[in-house]
$ cat entry39.cif   # mmCIF, C-alpha atoms
data_upload
#
loop_
_atom_site.label_atom_id
_atom_site.label_comp_id
_atom_site.auth_asym_id
_atom_site.auth_seq_id
_atom_site.Cartn_x
_atom_site.Cartn_y
_atom_site.Cartn_z
CA MET S 186 51.76 -102.05 58.56
CA ARG S 187 50.56 -98.98 60.46
CA TYR S 188 47.18 -99.59 62.02
CA GLU S 189 45.70 -96.50 60.32
CA PHE S 190 46.39 -98.03 56.92
CA PHE S 191 45.15 -101.45 58.02
CA ILE S 192 41.85 -100.05 59.35
CA GLY S 193 41.37 -97.78 56.33
CA LEU S 194 41.82 -100.80 54.05
CA ARG S 195 39.28 -102.80 56.08
CA TYR S 196 36.75 -99.95 55.92
CA LEU S 197 36.60 -100.27 52.13
CA LYS S 198 34.45 -103.34 52.85
CA SER S 199 31.23 -102.55 54.67
CA ARG S 200 29.07 -104.97 56.58
CA LYS S 201 26.57 -106.92 54.50
CA LYS S 202 23.62 -105.02 55.88
CA GLN S 203 25.22 -101.80 54.62
CA SER S 204 26.81 -103.10 51.42
CA PHE S 205 25.42 -100.04 49.62
CA VAL S 206 28.42 -98.07 50.90
CA SER S 207 30.80 -100.53 49.21
CA VAL S 208 28.90 -100.15 45.96
CA ILE S 209 29.32 -96.36 46.11
CA GLY S 210 33.03 -96.88 46.76
CA LEU S 211 33.28 -99.10 43.70
CA ILE S 212 31.42 -96.49 41.64
CA SER S 213 33.91 -93.88 42.85
CA ILE S 214 36.83 -96.01 41.65
CA VAL S 215 35.15 -96.58 38.27
CA GLY S 216 34.51 -92.84 37.96
CA VAL S 217 38.17 -92.03 38.56
CA ILE S 218 39.19 -94.73 36.07
CA ILE S 219 36.92 -93.37 33.34
CA GLY S 220 37.98 -89.78 33.97
CA VAL S 221 41.73 -90.48 33.93
CA MET S 222 41.47 -92.82 30.95
CA SER S 223 39.35 -90.40 28.88
CA LEU S 224 41.58 -87.43 29.67
CA ASN S 225 44.74 -89.32 28.70
CA VAL S 226 43.27 -90.58 25.42
CA VAL S 227 41.85 -87.21 24.36
CA LEU S 228 45.05 -85.30 25.16
CA ALA S 229 47.12 -87.89 23.23
CA VAL S 230 44.80 -87.63 20.22
CA MET S 231 44.77 -83.82 20.28
CA LYS S 232 48.57 -83.69 20.57
CA GLY S 233 48.86 -86.24 17.76
CA PHE S 234 46.53 -84.20 15.57
CA GLU S 235 48.53 -81.03 16.20
CA ASP S 236 51.89 -82.73 15.49
CA GLU S 237 50.52 -84.47 12.39
CA LEU S 238 49.20 -81.20 11.04
CA ARG S 239 52.50 -79.44 11.80
CA ASP S 240 54.52 -82.17 10.08
CA LYS S 241 52.32 -82.05 6.98
CA ILE S 242 52.53 -78.26 6.80
CA LEU S 243 56.31 -78.38 7.17
CA GLY S 244 56.45 -81.21 4.65
CA VAL S 245 55.17 -78.86 1.95
CA ASN S 246 56.33 -75.48 3.23
CA ALA S 247 59.76 -74.38 4.29
CA HIS S 248 60.58 -73.22 7.82
CA ILE S 249 61.56 -69.76 6.53
CA VAL S 250 61.00 -68.01 3.20
CA VAL S 251 63.27 -65.14 2.14
CA LEU S 252 61.46 -62.61 -0.07
CA ASN S 253 62.22 -59.25 -1.63
CA TYR S 254 60.14 -56.09 -1.25
CA ASN S 255 60.71 -55.41 -4.97
CA GLY S 256 59.22 -58.78 -5.95
CA ALA S 257 61.27 -61.21 -8.05
CA PHE S 258 65.05 -60.86 -7.81
CA ASP S 259 68.15 -62.14 -9.60
CA LYS S 260 71.58 -63.35 -8.40
CA TYR S 261 69.67 -65.98 -6.45
CA ASP S 262 72.49 -68.57 -6.55
CA GLU S 263 74.83 -66.20 -4.74
CA ILE S 264 72.20 -65.31 -2.13
CA THR S 265 71.21 -68.98 -1.66
CA LYS S 266 74.83 -69.93 -1.00
CA LYS S 267 75.17 -67.07 1.46
CA ILE S 268 72.05 -68.19 3.35
CA ALA S 269 73.06 -71.88 3.36
CA GLU S 270 76.33 -71.01 5.12
CA TYR S 271 74.55 -69.18 7.94
CA LYS S 272 74.61 -70.93 11.32
CA GLY S 273 71.39 -72.85 12.04
CA VAL S 274 70.37 -73.27 8.39
CA ALA S 275 70.08 -76.91 7.31
CA GLY S 276 69.26 -76.29 3.64
CA ALA S 277 68.24 -73.59 1.18
CA SER S 278 66.71 -73.65 -2.28
CA PRO S 279 65.35 -70.96 -4.67
CA PHE S 280 61.81 -71.20 -6.01
CA VAL S 281 59.40 -69.60 -8.43
CA TYR S 282 55.77 -69.19 -7.43
CA GLY S 283 52.87 -68.68 -9.79
CA GLN S 284 49.25 -69.57 -10.41
CA GLY S 285 47.53 -71.01 -13.41
CA MET S 286 44.94 -73.45 -14.68
CA LEU S 287 45.59 -77.06 -15.59
CA VAL S 288 43.49 -78.44 -18.43
CA ALA S 289 43.11 -82.10 -19.40
CA GLY S 290 40.37 -82.76 -21.93
CA SER S 291 37.20 -81.18 -20.58
CA ASN S 292 38.54 -81.05 -16.99
CA VAL S 293 39.87 -77.74 -15.72
CA THR S 294 41.18 -76.84 -12.26
CA GLY S 295 43.23 -74.06 -10.73
CA ALA S 296 46.65 -74.84 -9.29
CA VAL S 297 49.66 -73.28 -7.62
CA ILE S 298 52.70 -73.77 -9.84
CA ARG S 299 55.99 -74.04 -7.97
CA GLY S 300 59.26 -73.99 -9.86
CA ILE S 301 61.98 -75.80 -7.89
CA LYS S 302 65.55 -77.00 -8.22
CA PRO S 303 65.36 -80.83 -7.93
CA GLU S 304 68.85 -81.18 -6.47
CA SER S 305 68.24 -78.80 -3.53
CA ALA S 306 64.46 -78.81 -2.95
CA GLY S 307 64.64 -82.07 -1.00
CA SER S 308 66.84 -80.42 1.64
CA VAL S 309 64.02 -77.98 2.43
CA ILE S 310 60.72 -79.84 1.98
CA ASN S 311 59.75 -83.54 2.10
CA ILE S 312 59.06 -83.74 -1.60
CA TYR S 313 61.16 -86.87 -2.20
CA GLU S 314 59.02 -88.89 0.19
CA ALA S 315 55.77 -87.44 -1.17
CA VAL S 316 56.70 -88.21 -4.79
CA GLY S 317 57.80 -91.72 -3.81
CA LYS S 318 54.46 -92.40 -2.13
CA GLY S 319 52.33 -90.90 -4.86
CA SER S 320 54.07 -92.52 -7.82
CA ASP S 321 54.51 -96.00 -6.34
CA LEU S 322 51.26 -97.90 -5.77
CA LYS S 323 53.14 -100.45 -3.64
CA HIS S 324 54.76 -97.86 -1.38
CA LYS S 325 53.42 -99.54 1.79
CA LYS S 326 55.88 -102.36 1.19
CA LYS S 327 58.82 -99.96 0.98
CA SER S 328 60.79 -98.34 3.76
CA LEU S 329 60.94 -94.58 4.21
CA GLU S 330 64.48 -94.44 2.82
CA GLU S 331 63.48 -96.47 -0.25
CA LEU S 332 60.56 -94.10 -0.87
CA LYS S 333 62.82 -91.05 -0.61
CA GLU S 334 65.37 -92.56 -2.97
CA TYR S 335 62.64 -93.48 -5.43
CA GLY S 336 61.14 -89.99 -5.22
CA LYS S 337 64.55 -88.33 -5.61
CA LYS S 338 65.11 -90.32 -8.78
CA LEU S 339 61.74 -89.22 -10.19
CA LEU S 340 62.23 -85.60 -9.18
CA GLY S 341 65.58 -85.54 -10.96
CA LYS S 342 63.69 -85.98 -14.24
CA LEU S 343 62.32 -82.43 -13.93
CA ASP S 344 65.55 -81.14 -15.48
CA LYS S 345 65.43 -83.65 -18.35
CA LYS S 346 63.36 -83.78 -21.51
CA THR S 347 60.48 -86.21 -21.75
CA LEU S 348 59.90 -88.67 -24.60
CA SER S 349 57.12 -86.45 -25.92
CA GLY S 350 59.42 -83.44 -25.98
CA TYR S 351 57.18 -81.46 -23.60
CA PRO S 352 58.56 -80.13 -20.30
CA PRO S 353 57.91 -82.39 -17.27
CA ILE S 354 55.46 -81.64 -14.45
CA ILE S 355 54.64 -83.34 -11.13
CA ILE S 356 51.12 -82.95 -9.75
CA GLY S 357 49.30 -84.00 -6.56
CA LYS S 358 47.31 -87.19 -6.15
CA GLU S 359 43.97 -85.41 -5.68
CA LEU S 360 44.74 -83.01 -8.54
CA ALA S 361 45.42 -85.97 -10.84
CA GLY S 362 42.10 -87.49 -9.79
CA SER S 363 40.23 -84.24 -10.54
CA LEU S 364 41.79 -84.00 -13.98
CA GLY S 365 41.43 -87.72 -14.70
CA VAL S 366 45.09 -88.16 -15.65
CA ILE S 367 47.91 -90.58 -14.82
CA ILE S 368 51.68 -90.62 -15.20
CA GLY S 369 52.61 -90.20 -18.87
CA ASP S 370 49.56 -88.12 -19.81
CA GLU S 371 49.84 -84.63 -21.25
CA ILE S 372 48.13 -81.59 -19.74
CA ASN S 373 47.97 -77.90 -20.64
CA LEU S 374 49.07 -75.16 -18.27
CA VAL S 375 47.15 -71.94 -18.91
CA SER S 376 47.97 -68.48 -17.59
CA PRO S 377 45.68 -65.46 -18.11
CA PHE S 378 48.75 -63.20 -18.33
CA GLY S 379 49.49 -63.71 -22.00
CA LYS S 380 50.29 -61.45 -24.91
CA ILE S 381 48.23 -58.97 -26.88
CA GLY S 382 47.32 -60.38 -30.31
CA PRO S 383 45.29 -59.21 -33.30
CA LEU S 384 42.14 -60.44 -31.59
CA GLY S 385 42.96 -58.93 -28.20
CA HIS S 386 44.47 -60.38 -25.07
CA LEU S 387 45.49 -64.02 -25.53
CA PRO S 388 46.14 -66.40 -22.61
CA LYS S 389 49.45 -68.21 -22.43
CA VAL S 390 49.23 -71.98 -22.95
CA ARG S 391 51.97 -74.58 -22.66
CA LYS S 392 51.76 -78.34 -22.76
CA PHE S 393 53.45 -80.46 -20.05
CA GLU S 394 53.91 -84.19 -19.52
CA ILE S 395 53.19 -85.76 -16.11
CA ILE S 396 56.27 -87.67 -14.96
CA ALA S 397 55.26 -88.33 -11.34
CA ILE S 398 52.47 -87.88 -8.79
CA PHE S 399 53.07 -86.82 -5.19
CA ASP S 400 51.02 -87.67 -2.09
CA TYR S 401 51.50 -85.52 1.02
CA GLY S 402 48.40 -87.06 2.61
CA MET S 403 46.81 -83.62 3.01
CA PHE S 404 43.96 -82.83 0.65
CA GLU S 405 44.56 -79.08 0.59
CA TYR S 406 48.05 -79.56 -0.85
CA ASP S 407 47.48 -82.70 -2.95
CA SER S 408 44.66 -80.97 -4.81
CA SER S 409 46.25 -77.60 -5.55
CA ILE S 410 50.02 -77.84 -6.12
CA ALA S 411 52.06 -78.73 -9.20
CA TYR S 412 55.86 -78.79 -9.44
CA VAL S 413 57.94 -77.91 -12.51
CA SER S 414 61.64 -77.18 -12.92
CA ILE S 415 62.69 -73.68 -11.92
CA LYS S 416 63.84 -72.92 -15.51
CA ASP S 417 60.49 -73.96 -17.01
CA ALA S 418 58.67 -71.83 -14.42
CA MET S 419 60.87 -68.80 -15.21
CA LYS S 420 60.16 -69.22 -18.90
CA PHE S 421 56.41 -69.70 -18.51
CA PHE S 422 55.92 -66.77 -16.10
CA ASP S 423 58.41 -64.49 -17.92
CA MET S 424 60.62 -64.16 -14.85
CA LYS S 425 63.77 -63.36 -16.90
CA ASN S 426 66.13 -65.47 -14.79
CA LYS S 427 64.63 -64.19 -11.54
CA VAL S 428 63.07 -66.13 -8.63
CA SER S 429 60.17 -65.41 -6.32
CA GLY S 430 62.19 -66.19 -3.21
CA ILE S 431 64.44 -68.61 -1.36
CA GLU S 432 63.02 -71.19 1.02
CA LEU S 433 65.13 -72.72 3.75
CA LYS S 434 65.05 -75.31 6.49
CA THR S 435 66.44 -74.75 9.98
CA ASP S 436 68.14 -77.21 12.30
CA ASN S 437 65.28 -76.70 14.76
CA ALA S 438 61.83 -75.83 13.38
CA TYR S 439 60.97 -73.86 16.53
CA ASP S 440 63.96 -71.56 16.01
CA ALA S 441 62.47 -70.31 12.72
CA LYS S 442 61.13 -67.05 14.14
CA SER S 443 64.37 -65.92 15.79
CA LEU S 444 66.54 -67.15 12.93
CA GLY S 445 64.31 -65.37 10.42
CA SER S 446 64.89 -62.06 12.22
CA GLU S 447 68.65 -62.65 12.17
CA LEU S 448 68.62 -63.46 8.45
CA LYS S 449 66.64 -60.30 7.72
CA ASP S 450 69.37 -58.21 9.34
CA TYR S 451 72.08 -60.38 7.77
CA LEU S 452 70.81 -59.91 4.20
CA GLY S 453 69.68 -56.32 4.68
CA PHE S 454 67.10 -54.28 2.79
CA PRO S 455 65.14 -55.02 0.56
CA PHE S 456 65.03 -58.63 1.81
CA TYR S 457 62.60 -59.80 4.47
CA THR S 458 61.56 -63.17 5.87
CA ARG S 459 58.40 -65.09 6.74
CA ASN S 460 58.39 -68.13 9.00
CA TRP S 461 55.95 -71.02 9.35
CA GLN S 462 55.05 -70.12 12.94
CA ASP S 463 53.73 -66.67 11.99
CA VAL S 464 51.98 -67.89 8.85
CA ASN S 465 50.10 -70.63 10.74
CA ARG S 466 49.90 -68.86 14.11
CA SER S 467 46.11 -68.65 14.33
CA LEU S 468 45.67 -72.33 13.41
CA PHE S 469 48.03 -73.68 16.06
CA LYS S 470 46.75 -71.27 18.70
CA ALA S 471 43.24 -72.55 18.03
CA LEU S 472 44.41 -76.16 18.33
CA LYS S 473 46.21 -75.43 21.60
CA LEU S 474 43.20 -73.63 23.03
CA GLU S 475 40.95 -76.50 21.97
CA ARG S 476 43.22 -79.04 23.67
CA ILE S 477 43.21 -77.03 26.90
CA ALA S 478 39.43 -76.55 26.81
CA ILE S 479 38.73 -80.24 26.21
CA GLY S 480 41.17 -81.16 28.97
CA ILE S 481 39.36 -78.88 31.43
CA PHE S 482 35.93 -80.25 30.54
CA LEU S 483 37.09 -83.85 30.83
CA ALA S 484 38.69 -83.07 34.18
CA PHE S 485 35.14 -82.55 35.45
CA ILE S 486 34.66 -86.32 35.10
CA ILE S 487 37.38 -86.77 37.72
CA LEU S 488 35.72 -84.05 39.81
CA VAL S 489 32.41 -85.95 39.71
CA ALA S 490 34.25 -89.07 40.85
CA ALA S 491 35.77 -86.98 43.65
CA LEU S 492 32.26 -86.00 44.79
CA ASP S 493 31.45 -89.72 44.92
CA ILE S 494 34.48 -90.16 47.16
CA ILE S 495 33.10 -87.47 49.50
CA SER S 496 29.74 -89.27 49.59
CA THR S 497 31.39 -92.64 50.20
CA LEU S 498 33.56 -91.42 53.06
CA THR S 499 30.68 -89.47 54.62
CA MET S 500 28.55 -92.61 54.69
CA VAL S 501 31.46 -94.66 56.03
CA VAL S 502 31.93 -92.12 58.82
CA MET S 503 28.24 -92.42 59.70
CA GLU S 504 28.47 -96.24 59.62
CA LYS S 505 31.68 -96.38 61.64
CA ASN S 506 30.58 -93.86 64.25
CA ARG S 507 30.79 -96.44 67.04
CA ASP S 508 34.17 -97.73 65.80
CA ILE S 509 35.60 -94.22 65.83
CA ALA S 510 34.44 -93.72 69.41
CA ILE S 511 36.02 -97.00 70.52
CA LEU S 512 39.30 -96.18 68.81
CA LYS S 513 39.39 -92.80 70.53
CA ALA S 514 38.55 -94.40 73.85
CA MET S 515 41.50 -96.77 73.33
CA GLY S 516 43.83 -93.81 72.85
CA ALA S 517 43.72 -93.07 69.12
CA SER S 518 44.48 -89.41 68.42
CA ARG S 519 42.53 -87.09 66.13
CA ASN S 520 45.37 -87.31 63.59
CA SER S 521 45.14 -91.11 63.60
CA ILE S 522 41.38 -91.00 62.86
CA LEU S 523 42.07 -88.40 60.17
CA ASN S 524 44.73 -90.65 58.61
CA ILE S 525 42.39 -93.67 58.58
CA PHE S 526 39.85 -91.95 56.36
CA LEU S 527 42.48 -90.15 54.31
CA THR S 528 43.98 -93.57 53.64
CA GLU S 529 40.62 -94.96 52.54
CA GLY S 530 39.96 -92.06 50.18
CA MET S 531 43.47 -92.12 48.73
CA ILE S 532 43.26 -95.88 48.12
CA ILE S 533 40.20 -95.19 45.95
CA GLY S 534 42.10 -92.40 44.17
CA ILE S 535 45.34 -94.36 43.68
CA VAL S 536 43.61 -97.51 42.43
CA GLY S 537 41.35 -95.55 40.07
CA THR S 538 44.22 -93.36 38.79
CA THR S 539 46.57 -96.30 38.24
CA ILE S 540 44.04 -98.41 36.37
CA GLY S 541 42.84 -95.39 34.37
CA THR S 542 46.41 -94.50 33.37
CA ILE S 543 47.16 -98.07 32.27
CA LEU S 544 43.92 -98.36 30.28
CA GLY S 545 44.49 -94.93 28.73
CA TYR S 546 47.98 -95.94 27.61
CA LEU S 547 46.73 -99.24 26.16
CA ILE S 548 43.97 -97.49 24.19
CA CYS S 549 46.45 -94.91 22.86
CA TYR S 550 48.87 -97.68 21.89
CA LEU S 551 46.16 -99.60 20.03
CA LEU S 552 44.93 -96.46 18.27
CA LYS S 553 48.49 -95.78 17.16
CA THR S 554 49.51 -99.27 16.04
CA SER S 555 46.37 -101.24 15.13
CA ASP S 556 45.35 -100.94 11.47
CA PHE S 557 42.05 -102.62 12.31
CA ILE S 558 41.09 -99.93 14.85
CA LYS S 559 42.22 -97.19 12.45
CA SER S 560 39.93 -98.62 9.80
CA LEU S 561 36.99 -98.38 12.23
CA ILE S 562 37.52 -94.62 12.57
CA PRO S 563 37.86 -93.29 9.01
CA PHE S 564 38.83 -89.67 8.40
CA ASP S 565 37.84 -87.63 5.39
CA PRO S 566 41.07 -85.79 4.42
CA GLN S 567 38.98 -83.05 2.79
CA VAL S 568 37.61 -82.16 6.24
CA TYR S 569 40.32 -83.11 8.74
CA TYR S 570 43.52 -82.53 6.69
CA ILE S 571 44.61 -86.05 7.65
CA SER S 572 43.74 -89.56 6.49
CA GLU S 573 44.13 -91.60 9.68
CA PHE S 574 43.71 -91.34 13.45
CA PRO S 575 46.71 -89.48 14.94
CA VAL S 576 47.99 -90.31 18.43
CA ARG S 577 51.05 -88.90 20.20
CA ILE S 578 51.89 -90.56 23.52
CA GLU S 579 53.57 -87.95 25.73
CA PRO S 580 54.70 -89.32 29.15
CA ILE S 581 54.50 -85.83 30.68
CA TYR S 582 50.76 -85.66 29.92
CA PHE S 583 50.15 -88.99 31.67
CA ILE S 584 52.15 -87.81 34.68
CA VAL S 585 50.29 -84.47 34.89
CA VAL S 586 46.87 -86.17 34.56
CA ALA S 587 47.75 -88.75 37.25
CA PHE S 588 49.10 -86.07 39.60
CA THR S 589 46.03 -83.88 39.07
CA SER S 590 43.71 -86.81 39.70
CA LEU S 591 45.46 -87.68 42.98
CA ILE S 592 45.34 -84.04 44.14
CA ILE S 593 41.59 -83.85 43.43
CA CYS S 594 41.01 -87.14 45.29
CA LEU S 595 43.08 -85.93 48.24
CA ILE S 596 41.09 -82.70 48.47
CA ALA S 597 37.86 -84.70 48.29
CA THR S 598 38.85 -86.80 51.32
CA LEU S 599 39.76 -83.88 53.56
CA TYR S 600 36.27 -82.80 54.67
CA PRO S 601 34.82 -86.21 55.69
CA SER S 602 38.16 -87.20 57.28
CA PHE S 603 38.26 -83.99 59.29
CA GLU S 604 34.66 -84.50 60.43
CA ALA S 605 35.48 -88.06 61.51
CA SER S 606 38.42 -86.85 63.60
CA ARG S 607 36.11 -84.41 65.46
CA LYS S 608 33.71 -87.11 66.64
CA ASP S 609 33.14 -87.08 70.40
CA PRO S 610 33.43 -90.67 71.78
CA VAL S 611 31.14 -89.86 74.73
CA GLU S 612 28.26 -88.85 72.43
CA ALA S 613 28.79 -91.87 70.18
CA LEU S 614 28.83 -94.44 73.07
CA ARG S 615 26.17 -92.85 75.30
CA TYR S 616 23.33 -95.08 74.09
CA GLU S 617 25.40 -98.21 73.38
#
$ encode --input "entry39.cif" --output "structure tokens"
Amino acid sequence: MRYEFFIGLRYLKSRKKQSFVSVIGLISIVGVIIGVMSLNVVLAVMKGFEDELRDKILGVNAHIVVLNYNGAFDKYDEITKKIAEYKGVAGASPFVYGQGMLVAGSNVTGAVIRGIKPESAGSVINIYEAVGKGSDLKHKKKSLEELKEYGKKLLGKLDKKTLSGYPPIIIGKELAGSLGVIIGDEINLVSPFGKIGPLGHLPKVRKFEIIAIFDYGMFEYDSSIAYVSIKDAMKFFDMKNKVSGIELKTDNAYDAKSLGSELKDYLGFPFYTRNWQDVNRSLFKALKLERIAIGIFLAFIILVAALDIISTLTMVVMEKNRDIAILKAMGASRNSILNIFLTEGMIIGIVGTTIGTILGYLICYLLKTSDFIKSLIPFDPQVYYISEFPVRIEPIYFIVVAFTSLIICLIATLYPSFEASRKDPVEALRYE
């Protein structure tokens, strides 16, 4: 062991008559621990929230939507096949989009009506999983694959007739709660764009039977979307065998923007594309900015701990004034004295950073896996878009936080260490 390290380690313990210095050193370590731990936990939660929100958005919406400047278009099967064969496209499915009102008894609510092809919609959005969760009250006991298979089976019924003879419809969990309906109930779909009758303009009304309920876990979608078969949607909205667009999924969600531009050129005018990154750009930019801002503010906790390190080392230098003089008189160089106090400061930083990182990881792990802790922090899905505490443990964040903490601690030790190395042994020993 180099003597600089040995002496620096010994200096962490002050004499009993000056134990106050040791207390400040302990406070410095605790400050670094709290700062590192808090920063790691907050960054993991913010990253988890962002990823959870992205996954839920992509669970309902496709990566890219192909639309036509002229509105609805025909020959959609040919175009869908053409798009599906393009490199980088994982799945494609046509859809019909419309709006209407759902009526059940005295309950009325507006909804987005999406006409889909059951056999291909699952390759674009996570509807199989959502239908499996929403329609099976015991879904927690089922695996993800079982839920998807169960949902696929239910979704396949959109193309079949119901026992009542009415066309089938699948609605969201929150929408079903607002209407006060369950699977098997009948509801009316009303559109203001009806026909002109003897008494004036008449709304269009058609009765549907609920065959399943989906649960995306996001209030905004679960309370406003209803799925019907693409043929029923065409008939209800008078589309005349035309679709609103074609939605597709890419091999890599983050390639959606570039691939969308390629598909626009590939299909030619009058087709154009919209991707999920552009549609939700402002939301994710705000989340990223918020994560950075919170990270900066929490880094000030580490900075406060670094100021404690400066205070601790300054007081140690004052206490060890005579020791420094003796060491210099025995031949210790200025660099050796500098290294002694750098060692002491970095021990505080390394111990605090290590313990803070470990505690931060443990808290993140418990937040992610413990149902008991999740129950203590309830989330209102109407406000936060999610129903439980999201955590995403990213090793790179822990490494960056630890590295930043050590750099701040190193900078904090430089001034008192440099002052200690400049001590004149003659002045220190003159009155001894």
$ residues_around --input "entry39.cif" --residues "segment 438-446 of chain S" --least-positions-apart "6" --cutoff "12 Å" --atoms "only C-alpha atoms" --output "ChimeraX atom specification"
/S:239-240,242-244,246-252,268,271-275,309,432,452-453,456-464,466
$ atom_distance --input "entry39.cif" --atom1 "atom CA of Gly357 of chain S" --atom2 "atom CA of Tyr401 of chain S"
8.0 Å
$ atom_distance --input "entry39.cif" --atom1 "atom CA of Glu604 of chain S" --atom2 "atom CA of Thr499 of chain S"
8.6 Å
$ resolve_selection --input "entry39.cif" --expression "the PyMOL selection byres ((chain S and resi 486) around 8)" --output "number ranges by chain"
S: 216-217, 219-220, 482-485, 487-490
$ resolve_selection --input "entry39.cif" --expression "the PyMOL selection byres ((chain S and resi 260) around 12)" --output "MDAnalysis selection string"
chainID S and resid 257:259 261:267 279 425:431
$ closest_residue --input "entry39.cif" --among "S:Met419, S:Ile584, S:Ile596, S:Ile481" --to "Gly534 of chain S" --atoms "all atoms listed in the file"
S:Ile596
$ axis_aligned_box --input "entry39.cif" --around "segment 328-344 of chain S" --padding-each-side "5 Å" --output "AutoDock Vina command-line options"
--center_x 63.1 --center_y -89.7 --center_z -5.6 --size_x 15.0 --size_y 27.2 --size_z 29.7
$ residues_near_point --input "entry39.cif" --point "(42.6, -91.6, -3.8)" --cutoff "10 Å" --atoms "all atoms listed in the file" --output "list in words"
Gly319, Lys358, Glu359, Ala361, Gly362, Asp400, Gly402 and Phe404 of chain S
$ write_last_selection --input "entry39.cif" --atoms "C-alpha atoms" --output "PDB file, in the frame of the given file"
ATOM      1  CA  GLY S 319      52.330 -90.900  -4.860  1.00  0.00           C
ATOM      2  CA  LYS S 358      47.310 -87.190  -6.150  1.00  0.00           C
ATOM      3  CA  GLU S 359      43.970 -85.410  -5.680  1.00  0.00           C
ATOM      4  CA  ALA S 361      45.420 -85.970 -10.840  1.00  0.00           C
ATOM      5  CA  GLY S 362      42.100 -87.490  -9.790  1.00  0.00           C
ATOM      6  CA  ASP S 400      51.020 -87.670  -2.090  1.00  0.00           C
ATOM      7  CA  GLY S 402      48.400 -87.060   2.610  1.00  0.00           C
ATOM      8  CA  PHE S 404      43.960 -82.830   0.650  1.00  0.00           C
TER       9      PHE S 404
END
$ resolve_selection --input "entry39.cif" --expression "the PyMOL selection byres ((chain S and resi 236) around 12)" --output "list in words"
Ala229, Val230, Met231, Lys232, Gly233, Phe234, Glu235, Glu237, Leu238, Arg239, Asp240, Lys241, Ile242, Leu243, Gly244, Phe469, Leu472, Lys473, Ile571, Pro575, Val576, Arg577, Ile578 and Glu579 of chain S
$ atom_distance --input "entry39.cif" --atom1 "atom CA of Ser518 of chain S" --atom2 "atom CA of Ser602 of chain S"
13.0 Å
$ closest_residue --input "entry39.cif" --among "S:Asp417, S:Glu475, S:Glu529, S:Glu447" --to "Tyr282 of chain S" --atoms "all atoms listed in the file"
S:Asp417
$ closest_residue --input "entry39.cif" --among "S:Leu343, S:Ala269, S:Val390, S:Ile592" --to "Ile415 of chain S" --atoms "only C-alpha atoms"
S:Leu343
$ closest_residue --input "entry39.cif" --among "S:Leu224, S:Val288, S:Ala418, S:Met403" --to "Val366 of chain S" --atoms "all atoms listed in the file"
S:Val288
$ residues_around --input "entry39.cif" --residues "segment 346-348 of chain S" --least-positions-apart "2" --cutoff "10 Å" --atoms "only C-alpha atoms" --output "JSON, numbers by chain"
{"S": [342, 343, 344, 350, 351, 352, 353, 354, 369, 393, 394, 395, 396]}
$ closest_residue --input "entry39.cif" --among "S:Ile540, S:Leu329, S:Leu591, S:Leu468" --to "Ser223 of chain S" --atoms "only C-alpha atoms"
S:Ile540
$ residues_around --input "entry39.cif" --residues "Asp493 of chain S" --least-positions-apart "6" --cutoff "12 Å" --atoms "all atoms listed in the file" --output "compact mmCIF listing (two decimals) with C-alpha atoms, in the coordinates of the input"
# COMPACT_ATOMS: atom_id res chain seq x y z
CA VAL S 206 28.42 -98.07 50.90
CA SER S 207 30.80 -100.53 49.21
CA VAL S 208 28.90 -100.15 45.96
CA ILE S 209 29.32 -96.36 46.11
CA GLY S 210 33.03 -96.88 46.76
CA LEU S 211 33.28 -99.10 43.70
CA ILE S 212 31.42 -96.49 41.64
CA SER S 213 33.91 -93.88 42.85
CA ILE S 214 36.83 -96.01 41.65
CA VAL S 215 35.15 -96.58 38.27
CA GLY S 216 34.51 -92.84 37.96
CA VAL S 217 38.17 -92.03 38.56
CA ILE S 486 34.66 -86.32 35.10
CA ILE S 487 37.38 -86.77 37.72
CA THR S 499 30.68 -89.47 54.62
CA MET S 500 28.55 -92.61 54.69
CA GLY S 530 39.96 -92.06 50.18
CA ILE S 533 40.20 -95.19 45.95
CA GLY S 534 42.10 -92.40 44.17
CA ILE S 593 41.59 -83.85 43.43
CA CYS S 594 41.01 -87.14 45.29
CA ALA S 597 37.86 -84.70 48.29
CA THR S 598 38.85 -86.80 51.32
CA PRO S 601 34.82 -86.21 55.69
$ closest_residue --input "entry39.cif" --among "S:Ile355, S:Glu371, S:Gly480, S:Ser590" --to "Val536 of chain S" --atoms "all atoms listed in the file"
S:Ser590
